[in-house]
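Asks: This is the structure I have questions about; it appears just below.
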Amino acid sequence: AIRYASRLVGEEGELALLHVVPLALEDEDYQVMEDAIEELREFERHSVPTGIECVRIVTSGSVYESIIRASTAGSHEVIVMGTHGRTGVQRLLLGSVAEKVVRQSDIPVLVVPD
């Protein structure tokens, strides 16, 4: 997904990287958020092409709701996300974050198979 997002952004735009910690955090859980920030920094260092300007967003809660909330909070033009490719009963039981985002987003969503 990052490859496609980087192409869409090019050298003129800004890429927002979102990491959602899928749980409700207590006030004492700063370390979980710090770890998430560091994971996002590492992802950026290893995966985002040089020259692409990035903004890092780390939040917690429902994954699809956090994606929708982040996309409406900024001036984002498109959501680019991967899918884990769950199928059959596993998809029915777990639901699909990508599907929920596609159905509820007010901006275009590009879903890239992992």
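By order in the structure tokens, chains are A, B, ...; within a chain, residues start at 1; ligands start at 1, following the order shown.
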Find the spatial neighbours of stretch 104-109 of chain A, counting only C-alpha atoms, within a cut-off of 6 Å - ignore same-chain residues fewer than 5 positions away - and output them as a ChimeraX atom specification.
Replies: /A:78-80
Asks: Write a file of the selected residues as a short mmCIF file (atom, residue, chain, number, x, y, z; two decimals), in the first residue's frame, keeping C-alpha atoms.
Replies:
```
data_model
loop_
_atom_site.label_atom_id
_atom_site.label_comp_id
_atom_site.auth_asym_id
_atom_site.auth_seq_id
_atom_site.Cartn_x
_atom_site.Cartn_y
_atom_site.Cartn_z
CA VAL A 78 -7.59 9.55 -0.56
CA ILE A 79 -7.14 6.69 1.91
CA VAL A 80 -4.69 4.00 0.80
#
```
Asks: If you run DSSP on the backbone here, which positions in chain A get helix (DSSP H, G or I)? Please write them as a ChimeraX atom specification.
Replies: /A:2-9,30-47,63-73,88-94,97-104
Asks: Keeping only N, CA and C atoms, write the selected residues as a short mmCIF file (atom, residue, chain, number, x, y, z; two decimals), in the first residue's frame.
Replies:
```cif
data_model
loop_
_atom_site.label_atom_id
_atom_site.label_comp_id
_atom_site.auth_asym_id
_atom_site.auth_seq_id
_atom_site.Cartn_x
_atom_site.Cartn_y
_atom_site.Cartn_z
N ILE A 2 1.99 1.20 0.71
CA ILE A 2 2.84 2.40 0.80
C ILE A 2 3.41 2.77 -0.57
N ARG A 3 3.68 1.79 -1.39
CA ARG A 3 4.21 2.05 -2.74
C ARG A 3 3.19 2.86 -3.55
N TYR A 4 1.93 2.47 -3.51
CA TYR A 4 0.88 3.18 -4.24
C TYR A 4 0.65 4.58 -3.65
N ALA A 5 0.61 4.66 -2.34
CA ALA A 5 0.40 5.96 -1.69
C ALA A 5 1.53 6.93 -2.03
N SER A 6 2.76 6.44 -2.05
CA SER A 6 3.90 7.28 -2.38
C SER A 6 3.80 7.80 -3.81
N ARG A 7 3.35 6.97 -4.71
CA ARG A 7 3.18 7.41 -6.10
C ARG A 7 2.10 8.49 -6.21
N LEU A 8 1.02 8.32 -5.47
CA LEU A 8 -0.06 9.31 -5.51
C LEU A 8 0.39 10.65 -4.94
N VAL A 9 1.18 10.61 -3.89
CA VAL A 9 1.64 11.83 -3.24
C VAL A 9 2.69 12.53 -4.10
N TYR A 30 1.16 4.98 28.61
CA TYR A 30 1.99 5.81 27.75
C TYR A 30 2.98 4.96 26.96
N GLN A 31 3.50 3.89 27.58
CA GLN A 31 4.52 3.07 26.92
C GLN A 31 3.98 2.42 25.66
N VAL A 32 2.71 2.00 25.68
CA VAL A 32 2.11 1.40 24.49
C VAL A 32 2.09 2.41 23.35
N MET A 33 1.72 3.64 23.65
CA MET A 33 1.69 4.67 22.62
C MET A 33 3.10 5.03 22.16
N GLU A 34 4.04 5.10 23.08
CA GLU A 34 5.42 5.38 22.70
C GLU A 34 5.97 4.29 21.78
N ASP A 35 5.65 3.04 22.09
CA ASP A 35 6.07 1.93 21.23
C ASP A 35 5.44 2.04 19.85
N ALA A 36 4.19 2.44 19.80
CA ALA A 36 3.49 2.60 18.51
C ALA A 36 4.12 3.72 17.69
N ILE A 37 4.49 4.81 18.34
CA ILE A 37 5.16 5.91 17.64
C ILE A 37 6.48 5.44 17.08
N GLU A 38 7.24 4.69 17.87
CA GLU A 38 8.53 4.19 17.39
C GLU A 38 8.36 3.20 16.23
N GLU A 39 7.35 2.35 16.30
CA GLU A 39 7.07 1.43 15.20
C GLU A 39 6.76 2.20 13.92
N LEU A 40 6.00 3.27 14.04
CA LEU A 40 5.65 4.08 12.87
C LEU A 40 6.89 4.77 12.31
N ARG A 41 7.76 5.26 13.19
CA ARG A 41 9.02 5.87 12.73
C ARG A 41 9.87 4.85 11.99
N GLU A 42 9.97 3.65 12.53
CA GLU A 42 10.74 2.59 11.87
C GLU A 42 10.13 2.25 10.50
N PHE A 43 8.82 2.14 10.45
CA PHE A 43 8.14 1.87 9.17
C PHE A 43 8.48 2.95 8.16
N GLU A 44 8.40 4.20 8.61
CA GLU A 44 8.72 5.31 7.70
C GLU A 44 10.15 5.22 7.20
N ARG A 45 11.10 4.97 8.09
CA ARG A 45 12.52 4.88 7.70
C ARG A 45 12.77 3.79 6.67
N HIS A 46 12.09 2.65 6.83
CA HIS A 46 12.37 1.50 5.97
C HIS A 46 11.46 1.39 4.75
N SER A 47 10.32 2.06 4.76
CA SER A 47 9.33 1.82 3.71
C SER A 47 8.97 3.02 2.84
N VAL A 63 -10.26 0.44 14.97
CA VAL A 63 -9.38 0.71 13.84
C VAL A 63 -10.11 1.45 12.73
N TYR A 64 -11.24 0.91 12.27
CA TYR A 64 -11.90 1.57 11.15
C TYR A 64 -12.42 2.94 11.52
N GLU A 65 -12.93 3.09 12.74
CA GLU A 65 -13.43 4.41 13.17
C GLU A 65 -12.28 5.41 13.26
N SER A 66 -11.11 4.96 13.71
CA SER A 66 -9.94 5.84 13.79
C SER A 66 -9.48 6.27 12.41
N ILE A 67 -9.54 5.35 11.45
CA ILE A 67 -9.16 5.70 10.08
C ILE A 67 -10.11 6.75 9.52
N ILE A 68 -11.40 6.55 9.70
CA ILE A 68 -12.40 7.51 9.22
C ILE A 68 -12.20 8.86 9.91
N ARG A 69 -12.03 8.84 11.22
CA ARG A 69 -11.85 10.08 11.99
C ARG A 69 -10.61 10.85 11.52
N ALA A 70 -9.50 10.13 11.32
CA ALA A 70 -8.26 10.78 10.87
C ALA A 70 -8.41 11.35 9.47
N SER A 71 -9.14 10.64 8.62
CA SER A 71 -9.28 11.12 7.23
C SER A 71 -10.14 12.37 7.16
N THR A 72 -11.10 12.52 8.06
CA THR A 72 -11.95 13.70 8.04
C THR A 72 -11.34 14.87 8.82
N ALA A 73 -10.39 14.57 9.70
CA ALA A 73 -9.76 15.62 10.51
C ALA A 73 -8.77 16.44 9.69
N GLY A 88 -13.59 -16.25 3.70
CA GLY A 88 -14.47 -17.26 4.29
C GLY A 88 -14.94 -16.91 5.68
N VAL A 89 -14.99 -17.93 6.53
CA VAL A 89 -15.52 -17.79 7.89
C VAL A 89 -14.68 -16.80 8.69
N GLN A 90 -13.37 -16.82 8.52
CA GLN A 90 -12.53 -15.90 9.28
C GLN A 90 -12.91 -14.45 8.98
N ARG A 91 -13.18 -14.12 7.73
CA ARG A 91 -13.58 -12.77 7.36
C ARG A 91 -14.94 -12.43 7.97
N LEU A 92 -15.85 -13.37 7.95
CA LEU A 92 -17.18 -13.13 8.52
C LEU A 92 -17.11 -12.90 10.03
N LEU A 93 -16.26 -13.67 10.70
CA LEU A 93 -16.17 -13.55 12.16
C LEU A 93 -15.44 -12.29 12.58
N LEU A 94 -14.37 -11.95 11.89
CA LEU A 94 -13.56 -10.82 12.29
C LEU A 94 -14.03 -9.51 11.69
N VAL A 97 -11.94 -4.47 8.18
CA VAL A 97 -11.67 -3.06 8.40
C VAL A 97 -11.75 -2.32 7.07
N ALA A 98 -11.12 -2.89 6.05
CA ALA A 98 -11.12 -2.23 4.74
C ALA A 98 -12.55 -2.04 4.22
N GLU A 99 -13.37 -3.05 4.37
CA GLU A 99 -14.75 -2.96 3.89
C GLU A 99 -15.51 -1.87 4.63
N LYS A 100 -15.34 -1.80 5.94
CA LYS A 100 -16.03 -0.77 6.73
C LYS A 100 -15.56 0.62 6.33
N VAL A 101 -14.26 0.76 6.09
CA VAL A 101 -13.73 2.07 5.68
C VAL A 101 -14.30 2.46 4.32
N VAL A 102 -14.30 1.51 3.37
CA VAL A 102 -14.83 1.79 2.04
C VAL A 102 -16.28 2.24 2.13
N ARG A 103 -17.07 1.57 2.94
CA ARG A 103 -18.50 1.88 3.04
C ARG A 103 -18.79 3.20 3.75
N GLN A 104 -17.90 3.61 4.67
CA GLN A 104 -18.21 4.78 5.49
C GLN A 104 -17.40 6.03 5.17
#
```
Asks: Ranking A:Met81, A:Leu17, A:Glu12, A:Ser96 by minimum distance to A:Val111 and counting only C-alpha atoms, which one comes first?
Replies: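 Using only C-alpha atoms, the shortest distance to A:Val111 belongs to A:Met81.
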Asks: If you measure from atom CA of A:Glu77 to atom CA of A:Asp114, what distance in Å do you get, rounded to one decimal?
Replies: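 Interatomic distance here is 22.0 Å.
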Asks: Report, in Å to a single decimal, how far apart atom CA of A:Gly13 and atom CA of A:Thr59 are.
Replies: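 It comes out at 22.6 Å.
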Asks: Could you tell me which of A:Thr50, A:Val112, A:Ser62, A:Val55 comes closest to A:Glu14 if we count only C-alpha atoms?
Replies: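 Using only C-alpha atoms, A:Glu14 sits closest to A:Val55.
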Asks: Could you check the closest approach to A:Glu53 for each of A:Pro113, A:Gly82, A:Gly74, A:Gly10 and tell me which residue wins, using only C-alpha atoms?
Replies: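 Using only C-alpha atoms, A:Glu53 sits closest to A:Gly10.
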